[in-house]
$ cat protein_27.cif   # mmCIF, C-alpha atoms (C1' of nucleotides)
data_run
#
loop_
_atom_site.label_atom_id
_atom_site.label_comp_id
_atom_site.auth_asym_id
_atom_site.auth_seq_id
_atom_site.Cartn_x
_atom_site.Cartn_y
_atom_site.Cartn_z
CA MET H 19 84.74 85.90 91.82
CA ASN H 20 84.73 89.00 93.97
CA ALA H 21 84.29 91.28 90.99
CA LEU H 22 81.48 89.08 89.74
CA PHE H 23 79.38 89.28 92.87
CA LYS H 24 80.17 92.94 93.25
CA ALA H 25 78.97 93.62 89.73
CA LEU H 26 75.75 91.73 90.33
CA ASP H 27 75.03 93.59 93.57
CA ASP H 28 73.26 96.52 91.98
CA PRO H 29 69.78 96.73 90.46
CA THR H 30 70.86 99.01 87.63
CA ARG H 31 73.66 96.70 86.58
CA ARG H 32 71.37 93.67 86.68
CA GLN H 33 68.88 95.57 84.55
CA ILE H 34 71.62 96.35 82.07
CA LEU H 35 72.39 92.66 81.80
CA GLU H 36 68.74 91.96 81.14
CA LEU H 37 68.70 94.61 78.45
CA LEU H 38 71.69 93.00 76.80
CA ARG H 39 70.05 89.61 76.96
CA GLU H 40 67.74 90.73 74.17
CA LYS H 41 70.39 92.22 71.94
CA ASP H 42 73.65 94.11 71.86
CA ARG H 43 73.41 97.82 72.50
CA THR H 44 75.57 100.91 72.41
CA ALA H 45 76.46 102.74 75.61
CA GLY H 46 74.09 105.52 74.63
CA ASP H 47 71.19 103.17 73.99
CA ILE H 48 71.74 101.61 77.37
CA ALA H 49 71.88 105.00 79.08
CA ASP H 50 68.62 105.99 77.37
CA ALA H 51 66.88 103.15 79.17
CA PHE H 52 67.61 104.75 82.53
CA THR H 53 67.03 108.06 84.21
CA ILE H 54 70.51 108.31 85.66
CA SER H 55 73.29 110.14 83.90
CA LYS H 56 75.50 108.80 81.14
CA PRO H 57 78.68 108.94 83.20
CA SER H 58 76.99 106.84 85.86
CA ILE H 59 75.95 104.26 83.29
CA SER H 60 79.45 104.34 81.90
CA HIS H 61 80.75 103.53 85.35
CA HIS H 62 78.30 100.64 85.73
CA LEU H 63 79.37 99.30 82.37
CA ASP H 64 82.95 99.50 83.52
CA LEU H 65 82.21 97.34 86.55
CA LEU H 66 80.32 94.85 84.40
CA ARG H 67 83.32 94.71 82.08
CA GLN H 68 85.70 94.18 84.99
CA ALA H 69 83.58 91.24 86.06
CA ASN H 70 83.70 89.91 82.52
CA LEU H 71 79.94 89.97 82.35
CA VAL H 72 79.96 92.14 79.25
CA ILE H 73 82.27 92.73 76.34
CA SER H 74 82.68 96.10 74.70
CA ILE H 75 83.69 96.71 71.13
CA LYS H 76 84.36 100.11 69.71
CA GLU H 77 82.57 100.68 66.42
CA GLY H 78 83.33 104.05 64.98
CA GLN H 79 82.19 106.62 67.43
CA PHE H 80 79.96 104.13 69.23
CA VAL H 81 80.82 101.42 71.73
CA ARG H 82 78.75 98.29 71.45
CA TYR H 83 78.19 96.21 74.54
CA SER H 84 77.21 92.57 74.57
CA LEU H 85 76.66 89.89 77.21
CA ASN H 86 79.48 87.49 77.91
CA THR H 87 77.64 84.37 78.93
CA THR H 88 80.73 82.30 79.68
CA VAL H 89 81.02 83.79 83.17
CA PHE H 90 77.63 82.43 84.12
CA ASP H 91 79.01 78.91 83.99
CA GLU H 92 81.41 79.80 86.75
CA LEU H 93 78.64 81.36 88.77
CA ILE H 94 76.32 78.40 88.35
CA GLY H 95 79.15 76.10 89.31
CA TRP H 96 79.71 78.02 92.50
CA VAL H 97 76.03 77.94 93.41
CA MET H 98 75.61 74.28 92.57
CA ASN H 99 78.62 73.31 94.62
CA LEU H 100 77.14 75.15 97.56
CA SER H 101 73.63 73.80 97.20
CA ASP H 102 74.94 70.28 96.94
CA LYS H 103 77.05 68.65 99.64
CA LYS H 104 74.98 69.78 102.55
CA ASN H 105 72.67 66.75 102.61
CA THR H 106 75.30 64.09 102.98
CA LYS H 107 72.63 61.57 103.79
CA ARG H 108 70.78 61.85 100.55
CA LYS H 109 69.89 58.64 98.75
CA ASN H 110 70.82 59.34 95.12
CA LYS H 111 74.48 59.84 95.80
CA LYS H 112 75.41 58.55 92.34
CA MET O 8 66.59 89.35 94.91
CA ASN O 9 68.30 92.49 96.02
CA ALA O 10 68.99 91.10 99.47
CA LEU O 11 70.30 87.92 97.90
CA PHE O 12 72.93 89.57 95.75
CA LYS O 13 73.81 91.96 98.50
CA ALA O 14 74.39 89.06 100.88
CA LEU O 15 76.61 87.30 98.38
CA ASP O 16 78.69 90.40 97.74
CA ASP O 17 81.13 89.86 100.58
CA PRO O 18 83.98 87.36 100.91
CA THR O 19 83.34 86.71 104.59
CA ARG O 20 79.69 85.93 104.02
CA ARG O 21 80.48 83.62 101.14
CA GLN O 22 83.00 81.86 103.35
CA ILE O 23 80.36 81.45 106.02
CA LEU O 24 78.11 79.77 103.48
CA GLU O 25 80.92 77.42 102.55
CA LEU O 26 81.45 76.60 106.20
CA LEU O 27 77.79 75.79 106.58
CA ARG O 28 77.90 73.59 103.52
CA GLU O 29 79.79 71.04 105.57
CA LYS O 30 77.58 71.12 108.60
CA ASP O 31 75.44 73.31 110.81
CA ARG O 32 77.30 75.51 113.24
CA THR O 33 76.62 77.82 116.14
CA ALA O 34 77.27 81.53 115.83
CA GLY O 35 80.29 81.15 118.09
CA ASP O 36 81.78 78.32 116.03
CA ILE O 37 81.39 80.40 112.93
CA ALA O 38 83.02 83.41 114.57
CA ASP O 39 85.95 81.24 115.66
CA ALA O 40 86.71 80.52 112.02
CA PHE O 41 87.46 84.19 111.39
CA THR O 42 89.68 86.86 112.84
CA ILE O 43 87.03 89.53 112.89
CA SER O 44 84.91 90.21 115.95
CA LYS O 45 81.81 88.34 117.02
CA PRO O 46 79.49 91.30 116.57
CA SER O 47 80.71 91.64 113.00
CA ILE O 48 80.02 87.99 112.33
CA SER O 49 76.64 88.40 113.94
CA HIS O 50 75.93 91.21 111.53
CA HIS O 51 76.99 89.09 108.56
CA LEU O 52 74.75 86.30 109.75
CA ASP O 53 71.91 88.75 109.97
CA LEU O 54 72.36 89.75 106.34
CA LEU O 55 72.54 86.12 105.29
CA ARG O 56 69.33 85.47 107.19
CA GLN O 57 67.62 88.45 105.57
CA ALA O 58 68.54 86.99 102.22
CA ASN O 59 67.12 83.66 103.31
CA LEU O 60 70.44 82.01 102.66
CA VAL O 61 70.64 80.67 106.18
CA ILE O 62 68.20 79.65 108.87
CA SER O 63 68.86 80.20 112.54
CA ILE O 64 67.42 78.14 115.36
CA LYS O 65 67.91 78.97 118.97
CA GLU O 66 68.99 75.96 121.01
CA GLY O 67 69.38 76.79 124.64
CA GLN O 68 71.96 79.48 124.93
CA PHE O 69 73.32 78.75 121.46
CA VAL O 70 72.01 79.71 118.04
CA ARG O 71 72.51 77.12 115.37
CA TYR O 72 72.84 78.28 111.79
CA SER O 73 72.23 76.14 108.73
CA LEU O 74 72.20 76.65 104.99
CA ASN O 75 68.88 77.20 103.30
CA THR O 76 69.44 75.71 99.88
CA THR O 77 66.02 76.56 98.47
CA VAL O 78 67.14 80.08 97.61
CA PHE O 79 69.80 78.77 95.29
CA ASP O 80 67.10 77.53 92.93
CA GLU O 81 65.92 81.08 92.49
CA LEU O 82 69.45 82.26 91.90
CA ILE O 83 70.21 79.56 89.38
CA GLY O 84 66.95 80.35 87.62
CA TRP O 85 67.93 83.97 87.35
CA VAL O 86 71.35 83.12 85.95
CA MET O 87 70.04 80.55 83.53
CA ASN O 88 67.41 82.90 82.22
CA LEU O 89 70.11 85.44 81.55
CA SER O 90 72.60 83.08 79.96
CA ASP O 91 69.93 81.71 77.71
CA LYS O 92 67.93 83.85 75.31
CA LYS O 93 70.84 85.80 73.98
CA ASN O 94 71.70 83.39 71.17
CA THR O 95 68.36 83.43 69.44
CA LYS O 96 69.86 81.63 66.50
CA ARG O 97 70.86 78.50 68.36
CA LYS O 98 69.96 75.18 66.81
CA ASN O 99 68.57 73.18 69.73
CA LYS O 100 65.65 75.41 70.38
CA LYS O 101 63.64 72.25 71.27
"C1'" DA A 29 89.29 123.15 60.20
"C1'" DT A 30 85.07 123.35 62.86
"C1'" DA A 31 81.16 121.73 64.87
"C1'" DA A 32 78.30 117.96 66.44
"C1'" DT A 33 77.79 113.52 68.54
"C1'" DA A 34 79.26 109.46 71.55
"C1'" DT A 35 81.62 108.06 75.34
"C1'" DT A 36 84.74 108.17 79.11
"C1'" DT A 37 87.54 110.41 82.81
"C1'" DA A 38 88.08 113.45 86.83
"C1'" DG A 39 86.66 115.07 90.96
"C1'" DA A 40 83.21 116.08 94.46
"C1'" DC A 41 79.70 114.56 97.65
"C1'" DA A 42 76.11 111.98 100.24
"C1'" DT A 43 74.90 107.27 101.41
"C1'" DT A 44 75.95 102.67 102.44
"C1'" DT A 45 78.90 99.18 104.28
"C1'" DG A 46 82.08 96.57 107.29
"C1'" DT A 47 84.32 96.89 111.30
"C1'" DC A 48 85.12 97.88 116.13
"C1'" DT A 49 84.18 98.39 121.43
"C1'" DA A 50 80.83 98.68 125.03
"C1'" DA A 51 76.48 97.47 126.63
"C1'" DT A 52 72.42 94.40 126.67
"C1'" DT A 53 69.71 90.16 126.61
"C1'" DA A 54 69.18 85.33 127.40
"C1'" DT A 55 70.37 80.87 129.05
"C1'" DA A 56 72.98 77.59 132.11
"C1'" DC A 57 75.14 76.35 136.28
"C1'" DA A 58 76.81 76.47 141.08
"C1'" DT Q 25 70.62 84.30 143.57
"C1'" DG Q 26 74.68 85.37 141.37
"C1'" DT Q 27 78.06 84.46 137.90
"C1'" DA Q 28 79.76 82.62 133.62
"C1'" DT Q 29 78.86 81.86 128.73
"C1'" DA Q 30 76.55 82.84 124.07
"C1'" DA Q 31 74.85 85.99 121.15
"C1'" DT Q 32 72.89 90.32 119.68
"C1'" DT Q 33 72.15 95.39 119.77
"C1'" DA Q 34 73.81 100.21 119.86
"C1'" DG Q 35 76.61 103.57 118.34
"C1'" DA Q 36 80.86 105.32 116.25
"C1'" DC Q 37 83.97 105.63 112.42
"C1'" DA Q 38 86.75 104.87 108.18
"C1'" DA Q 39 86.35 103.01 103.62
"C1'" DA Q 40 83.70 101.90 99.63
"C1'" DT Q 41 79.89 102.96 96.51
"C1'" DG Q 42 76.61 105.37 93.41
"C1'" DT Q 43 75.57 109.54 91.74
"C1'" DC Q 44 76.31 114.07 89.75
"C1'" DT Q 45 78.46 118.03 86.79
"C1'" DA Q 46 82.30 119.57 84.13
"C1'" DA Q 47 85.97 118.46 81.24
"C1'" DA Q 48 88.48 115.46 78.03
"C1'" DT Q 49 88.87 112.24 74.11
"C1'" DA Q 50 87.48 110.29 69.83
"C1'" DT Q 51 84.93 109.98 65.71
"C1'" DT Q 52 81.88 111.79 62.03
"C1'" DA Q 53 80.07 115.26 59.06
"C1'" DT Q 54 79.94 120.01 57.04
#
$ encode --input "protein_27.cif" --output "structure tokens"
Amino acid sequence: MNALFKALDDPTRRQILELLREKDRTAGDIADAFTISKPSISHHLDLLRQANLVISIKEGQFVRYSLNTTVFDELIGWVMNLSDKKNTKRKNKK
Amino acid sequence: MNALFKALDDPTRRQILELLREKDRTAGDIADAFTISKPSISHHLDLLRQANLVISIKEGQFVRYSLNTTVFDELIGWVMNLSDKKNTKRKNKK
DNA sequence: ATAATATTTAGACATTTGTCTAATTATACA
DNA sequence: TGTATAATTAGACAAATGTCTAAATATTAT
């Protein structure tokens, strides 16, 4: 959970996720979408991978990155749990 | 959005949110739940307030903090938008 | 083999972050 | 009015973070 929030706490990394929403991309393609250096992007991708937000597959001399949407379920669960509960007096309790 | 993810990227702050899920609390009550100093907690509360995750109301010499659940809608929207889209070949497109 | 391309690793550096203690502000009470 | 209590602000400091360049690794093509 810690790694997840950490990974999301950066505009570049969130932009990478949005890029990958459209389609899978190689590390180089991703880097081309930004002005920062390739090693920096590589580092961001590493953090995203640690958080399980992306999956990387080596294909020849390229590495293809893709979104791993399963983690979002966990995140949504966490948020929902927090946004619920508070109003214990609500009418539609079930 | 930046402030939101930044606020969530800290275990103490997330714990504060979970505390407030149960019920509103004063700054002092919140601080008592942790081993770190009051000024540090005050700083965390400030970041949570900046992110609109909590609301603070001064009541006499106390300050009462409460969850602001409206922000979670935005967060869930962001996550959902990201977790959708990717599988453009899905059957239930509507 | 050698060179070119794709990506990551290593190491340095400035900025940001979380924490602390001391001081300040604001309210309540005697 | 003075003192106790609640909370924040100020300022310092170590640790974490994002970025860079240079070097290393891996694959492809000549």
$ resolve_selection --input "protein_27.cif" --expression "the PyMOL selection byres ((chain H) within 12 of (chain O))" --output "MDAnalysis selection string"
chainID H and resid 19:42 71:72 84:107
$ interface_residues --input "protein_27.cif" --of "chain H" --to "chain A" --cutoff "12 Å" --atoms "only C-alpha atoms (C1' of nucleotides)" --output "JSON, numbers by chain"
{"H": [44, 45, 46, 47, 48, 49, 56, 57, 58, 59, 60, 61, 62, 63, 64, 76, 77, 78, 79, 80, 81, 82]}
$ interface_residues --input "protein_27.cif" --of "chain Q" --to "chain O" --cutoff "12 Å" --atoms "all atoms listed in the file" --output "ChimeraX atom specification"
/Q:29-34
$ atom_distance --input "protein_27.cif" --atom1 "CA of Asp39 in chain O" --atom2 "C1' of DA28 in chain Q"
19.0 Å
$ calpha_fit_and_write --input "protein_27.cif" --fixed "chain O" --moving "chain H" --output "PDB file with C-alpha atoms, in the frame of the given file"
ATOM      1  CA  MET H  19      66.547  89.308  94.891  1.00  0.00           C
ATOM      2  CA  ASN H  20      68.295  92.464  95.994  1.00  0.00           C
ATOM      3  CA  ALA H  21      68.977  91.090  99.447  1.00  0.00           C
ATOM      4  CA  LEU H  22      70.291  87.899  97.902  1.00  0.00           C
ATOM      5  CA  PHE H  23      72.910  89.540  95.736  1.00  0.00           C
ATOM      6  CA  LYS H  24      73.797  91.934  98.502  1.00  0.00           C
ATOM      7  CA  ALA H  25      74.377  89.054 100.882  1.00  0.00           C
ATOM      8  CA  LEU H  26      76.582  87.270  98.381  1.00  0.00           C
ATOM      9  CA  ASP H  27      78.685  90.371  97.723  1.00  0.00           C
ATOM     10  CA  ASP H  28      81.112  89.834 100.564  1.00  0.00           C
ATOM     11  CA  PRO H  29      83.951  87.326 100.899  1.00  0.00           C
ATOM     12  CA  THR H  30      83.319  86.696 104.584  1.00  0.00           C
ATOM     13  CA  ARG H  31      79.663  85.925 104.023  1.00  0.00           C
ATOM     14  CA  ARG H  32      80.468  83.586 101.138  1.00  0.00           C
ATOM     15  CA  GLN H  33      82.993  81.836 103.354  1.00  0.00           C
ATOM     16  CA  ILE H  34      80.350  81.435 106.023  1.00  0.00           C
ATOM     17  CA  LEU H  35      78.093  79.757 103.498  1.00  0.00           C
ATOM     18  CA  GLU H  36      80.895  77.400 102.580  1.00  0.00           C
ATOM     19  CA  LEU H  37      81.437  76.595 106.230  1.00  0.00           C
ATOM     20  CA  LEU H  38      77.770  75.778 106.608  1.00  0.00           C
ATOM     21  CA  ARG H  39      77.865  73.580 103.548  1.00  0.00           C
ATOM     22  CA  GLU H  40      79.767  71.018 105.595  1.00  0.00           C
ATOM     23  CA  LYS H  41      77.549  71.116 108.643  1.00  0.00           C
ATOM     24  CA  ASP H  42      75.421  73.318 110.840  1.00  0.00           C
ATOM     25  CA  ARG H  43      77.297  75.511 113.271  1.00  0.00           C
ATOM     26  CA  THR H  44      76.634  77.832 116.168  1.00  0.00           C
ATOM     27  CA  ALA H  45      77.291  81.554 115.852  1.00  0.00           C
ATOM     28  CA  GLY H  46      80.320  81.167 118.084  1.00  0.00           C
ATOM     29  CA  ASP H  47      81.784  78.336 116.038  1.00  0.00           C
ATOM     30  CA  ILE H  48      81.387  80.412 112.925  1.00  0.00           C
ATOM     31  CA  ALA H  49      83.027  83.431 114.548  1.00  0.00           C
ATOM     32  CA  ASP H  50      85.950  81.246 115.646  1.00  0.00           C
ATOM     33  CA  ALA H  51      86.714  80.537 112.007  1.00  0.00           C
ATOM     34  CA  PHE H  52      87.452  84.205 111.383  1.00  0.00           C
ATOM     35  CA  THR H  53      89.690  86.864 112.810  1.00  0.00           C
ATOM     36  CA  ILE H  54      87.024  89.542 112.871  1.00  0.00           C
ATOM     37  CA  SER H  55      84.933  90.221 115.927  1.00  0.00           C
ATOM     38  CA  LYS H  56      81.828  88.358 117.014  1.00  0.00           C
ATOM     39  CA  PRO H  57      79.515  91.328 116.562  1.00  0.00           C
ATOM     40  CA  SER H  58      80.725  91.662 112.989  1.00  0.00           C
ATOM     41  CA  ILE H  59      80.029  88.000 112.316  1.00  0.00           C
ATOM     42  CA  SER H  60      76.662  88.414 113.952  1.00  0.00           C
ATOM     43  CA  HIS H  61      75.924  91.218 111.535  1.00  0.00           C
ATOM     44  CA  HIS H  62      76.989  89.097 108.557  1.00  0.00           C
ATOM     45  CA  LEU H  63      74.763  86.300 109.762  1.00  0.00           C
ATOM     46  CA  ASP H  64      71.924  88.763 109.986  1.00  0.00           C
ATOM     47  CA  LEU H  65      72.348  89.746 106.346  1.00  0.00           C
ATOM     48  CA  LEU H  66      72.533  86.100 105.311  1.00  0.00           C
ATOM     49  CA  ARG H  67      69.316  85.484 107.228  1.00  0.00           C
ATOM     50  CA  GLN H  68      67.621  88.454 105.580  1.00  0.00           C
ATOM     51  CA  ALA H  69      68.522  86.977 102.220  1.00  0.00           C
ATOM     52  CA  ASN H  70      67.103  83.653 103.339  1.00  0.00           C
ATOM     53  CA  LEU H  71      70.420  81.997 102.691  1.00  0.00           C
ATOM     54  CA  VAL H  72      70.623  80.668 106.228  1.00  0.00           C
ATOM     55  CA  ILE H  73      68.190  79.666 108.916  1.00  0.00           C
ATOM     56  CA  SER H  74      68.857  80.205 112.588  1.00  0.00           C
ATOM     57  CA  ILE H  75      67.440  78.166 115.412  1.00  0.00           C
ATOM     58  CA  LYS H  76      67.937  78.997 119.030  1.00  0.00           C
ATOM     59  CA  GLU H  77      69.044  75.997 121.062  1.00  0.00           C
ATOM     60  CA  GLY H  78      69.444  76.835 124.688  1.00  0.00           C
ATOM     61  CA  GLN H  79      72.040  79.498 124.963  1.00  0.00           C
ATOM     62  CA  PHE H  80      73.381  78.757 121.489  1.00  0.00           C
ATOM     63  CA  VAL H  81      72.047  79.725 118.081  1.00  0.00           C
ATOM     64  CA  ARG H  82      72.534  77.137 115.394  1.00  0.00           C
ATOM     65  CA  TYR H  83      72.844  78.279 111.818  1.00  0.00           C
ATOM     66  CA  SER H  84      72.222  76.132 108.782  1.00  0.00           C
ATOM     67  CA  LEU H  85      72.180  76.641 105.014  1.00  0.00           C
ATOM     68  CA  ASN H  86      68.848  77.182 103.339  1.00  0.00           C
ATOM     69  CA  THR H  87      69.416  75.696  99.929  1.00  0.00           C
ATOM     70  CA  THR H  88      65.991  76.547  98.536  1.00  0.00           C
ATOM     71  CA  VAL H  89      67.102  80.080  97.657  1.00  0.00           C
ATOM     72  CA  PHE H  90      69.751  78.752  95.319  1.00  0.00           C
ATOM     73  CA  ASP H  91      67.054  77.515  92.972  1.00  0.00           C
ATOM     74  CA  GLU H  92      65.892  81.066  92.514  1.00  0.00           C
ATOM     75  CA  LEU H  93      69.424  82.235  91.921  1.00  0.00           C
ATOM     76  CA  ILE H  94      70.171  79.517  89.396  1.00  0.00           C
ATOM     77  CA  GLY H  95      66.927  80.312  87.644  1.00  0.00           C
ATOM     78  CA  TRP H  96      67.911  83.933  87.334  1.00  0.00           C
ATOM     79  CA  VAL H  97      71.334  83.074  85.948  1.00  0.00           C
ATOM     80  CA  MET H  98      70.020  80.479  83.536  1.00  0.00           C
ATOM     81  CA  ASN H  99      67.400  82.833  82.196  1.00  0.00           C
ATOM     82  CA  LEU H 100      70.103  85.380  81.542  1.00  0.00           C
ATOM     83  CA  SER H 101      72.579  82.997  79.972  1.00  0.00           C
ATOM     84  CA  ASP H 102      69.916  81.632  77.687  1.00  0.00           C
ATOM     85  CA  LYS H 103      67.962  83.795  75.258  1.00  0.00           C
ATOM     86  CA  LYS H 104      70.889  85.730  73.949  1.00  0.00           C
ATOM     87  CA  ASN H 105      71.703  83.353  71.084  1.00  0.00           C
ATOM     88  CA  THR H 106      68.361  83.435  69.365  1.00  0.00           C
ATOM     89  CA  LYS H 107      69.865  81.735  66.369  1.00  0.00           C
ATOM     90  CA  ARG H 108      70.918  78.608  68.134  1.00  0.00           C
ATOM     91  CA  LYS H 109      69.997  75.297  66.546  1.00  0.00           C
ATOM     92  CA  ASN H 110      68.675  73.222  69.458  1.00  0.00           C
ATOM     93  CA  LYS H 111      65.787  75.502  70.212  1.00  0.00           C
ATOM     94  CA  LYS H 112      63.684  72.594  71.486  1.00  0.00           C
TER      95      LYS H 112
END
$ residues_near_point --input "protein_27.cif" --point "(76.1, 120.3, 86.2)" --cutoff "12 Å" --atoms "all atoms listed in the file" --output "compact mmCIF listing (two decimals) with C-alpha atoms (C1' of nucleotides), in the frame of the given file"
# COMPACT_ATOMS: atom_id res chain seq x y z
CA SER H 55 73.29 110.14 83.90
C1' DA A 40 83.21 116.08 94.46
C1' DC Q 44 76.31 114.07 89.75
C1' DT Q 45 78.46 118.03 86.79
C1' DA Q 46 82.30 119.57 84.13
C1' DA Q 47 85.97 118.46 81.24
$ atom_distance --input "protein_27.cif" --atom1 "C1' of DA36 in chain Q" --atom2 "CA of Arg56 in chain O"
24.7 Å
$ atom_distance --input "protein_27.cif" --atom1 "CA of Asn59 in chain O" --atom2 "CA of Arg32 in chain O"
16.4 Å
$ build_atoms --input "protein_27.cif" --residues "range 53-67 of chain O" --atoms "N, CA and C atoms" --output "tab-separated table (two decimals), keeping the file's coordinate frame"
chain	number	residue	atom	x	y	z
O	53	ASP	N	73.20	88.07	110.11
O	53	ASP	CA	71.91	88.75	109.97
O	53	ASP	C	71.58	89.02	108.50
O	54	LEU	N	72.58	89.48	107.77
O	54	LEU	CA	72.36	89.75	106.34
O	54	LEU	C	72.07	88.46	105.58
O	55	LEU	N	72.78	87.41	105.95
O	55	LEU	CA	72.54	86.12	105.29
O	55	LEU	C	71.13	85.63	105.60
O	56	ARG	N	70.68	85.88	106.81
O	56	ARG	CA	69.33	85.47	107.19
O	56	ARG	C	68.28	86.30	106.44
O	57	GLN	N	68.53	87.58	106.34
O	57	GLN	CA	67.62	88.45	105.57
O	57	GLN	C	67.48	87.98	104.14
O	58	ALA	N	68.56	87.46	103.60
O	58	ALA	CA	68.54	86.99	102.22
O	58	ALA	C	68.01	85.57	102.12
O	59	ASN	N	67.65	85.02	103.27
O	59	ASN	CA	67.12	83.66	103.31
O	59	ASN	C	68.14	82.60	102.93
O	60	LEU	N	69.40	82.97	103.01
O	60	LEU	CA	70.44	82.01	102.66
O	60	LEU	C	70.75	81.08	103.82
O	61	VAL	N	70.45	81.53	105.02
O	61	VAL	CA	70.64	80.67	106.18
O	61	VAL	C	69.40	80.73	107.06
O	62	ILE	N	69.28	79.72	107.89
O	62	ILE	CA	68.20	79.65	108.87
O	62	ILE	C	68.85	79.56	110.24
O	63	SER	N	68.29	80.26	111.19
O	63	SER	CA	68.86	80.20	112.54
O	63	SER	C	67.82	79.64	113.50
O	64	ILE	N	68.30	78.75	114.36
O	64	ILE	CA	67.42	78.14	115.36
O	64	ILE	C	68.08	78.25	116.72
O	65	LYS	N	67.37	78.81	117.61
O	65	LYS	CA	67.91	78.97	118.97
O	65	LYS	C	67.83	77.64	119.70
O	66	GLU	N	68.94	77.22	120.25
O	66	GLU	CA	68.99	75.96	121.01
O	66	GLU	C	69.66	76.24	122.33
O	67	GLY	N	68.85	76.44	123.33
O	67	GLY	CA	69.38	76.79	124.64
O	67	GLY	C	70.07	78.13	124.53
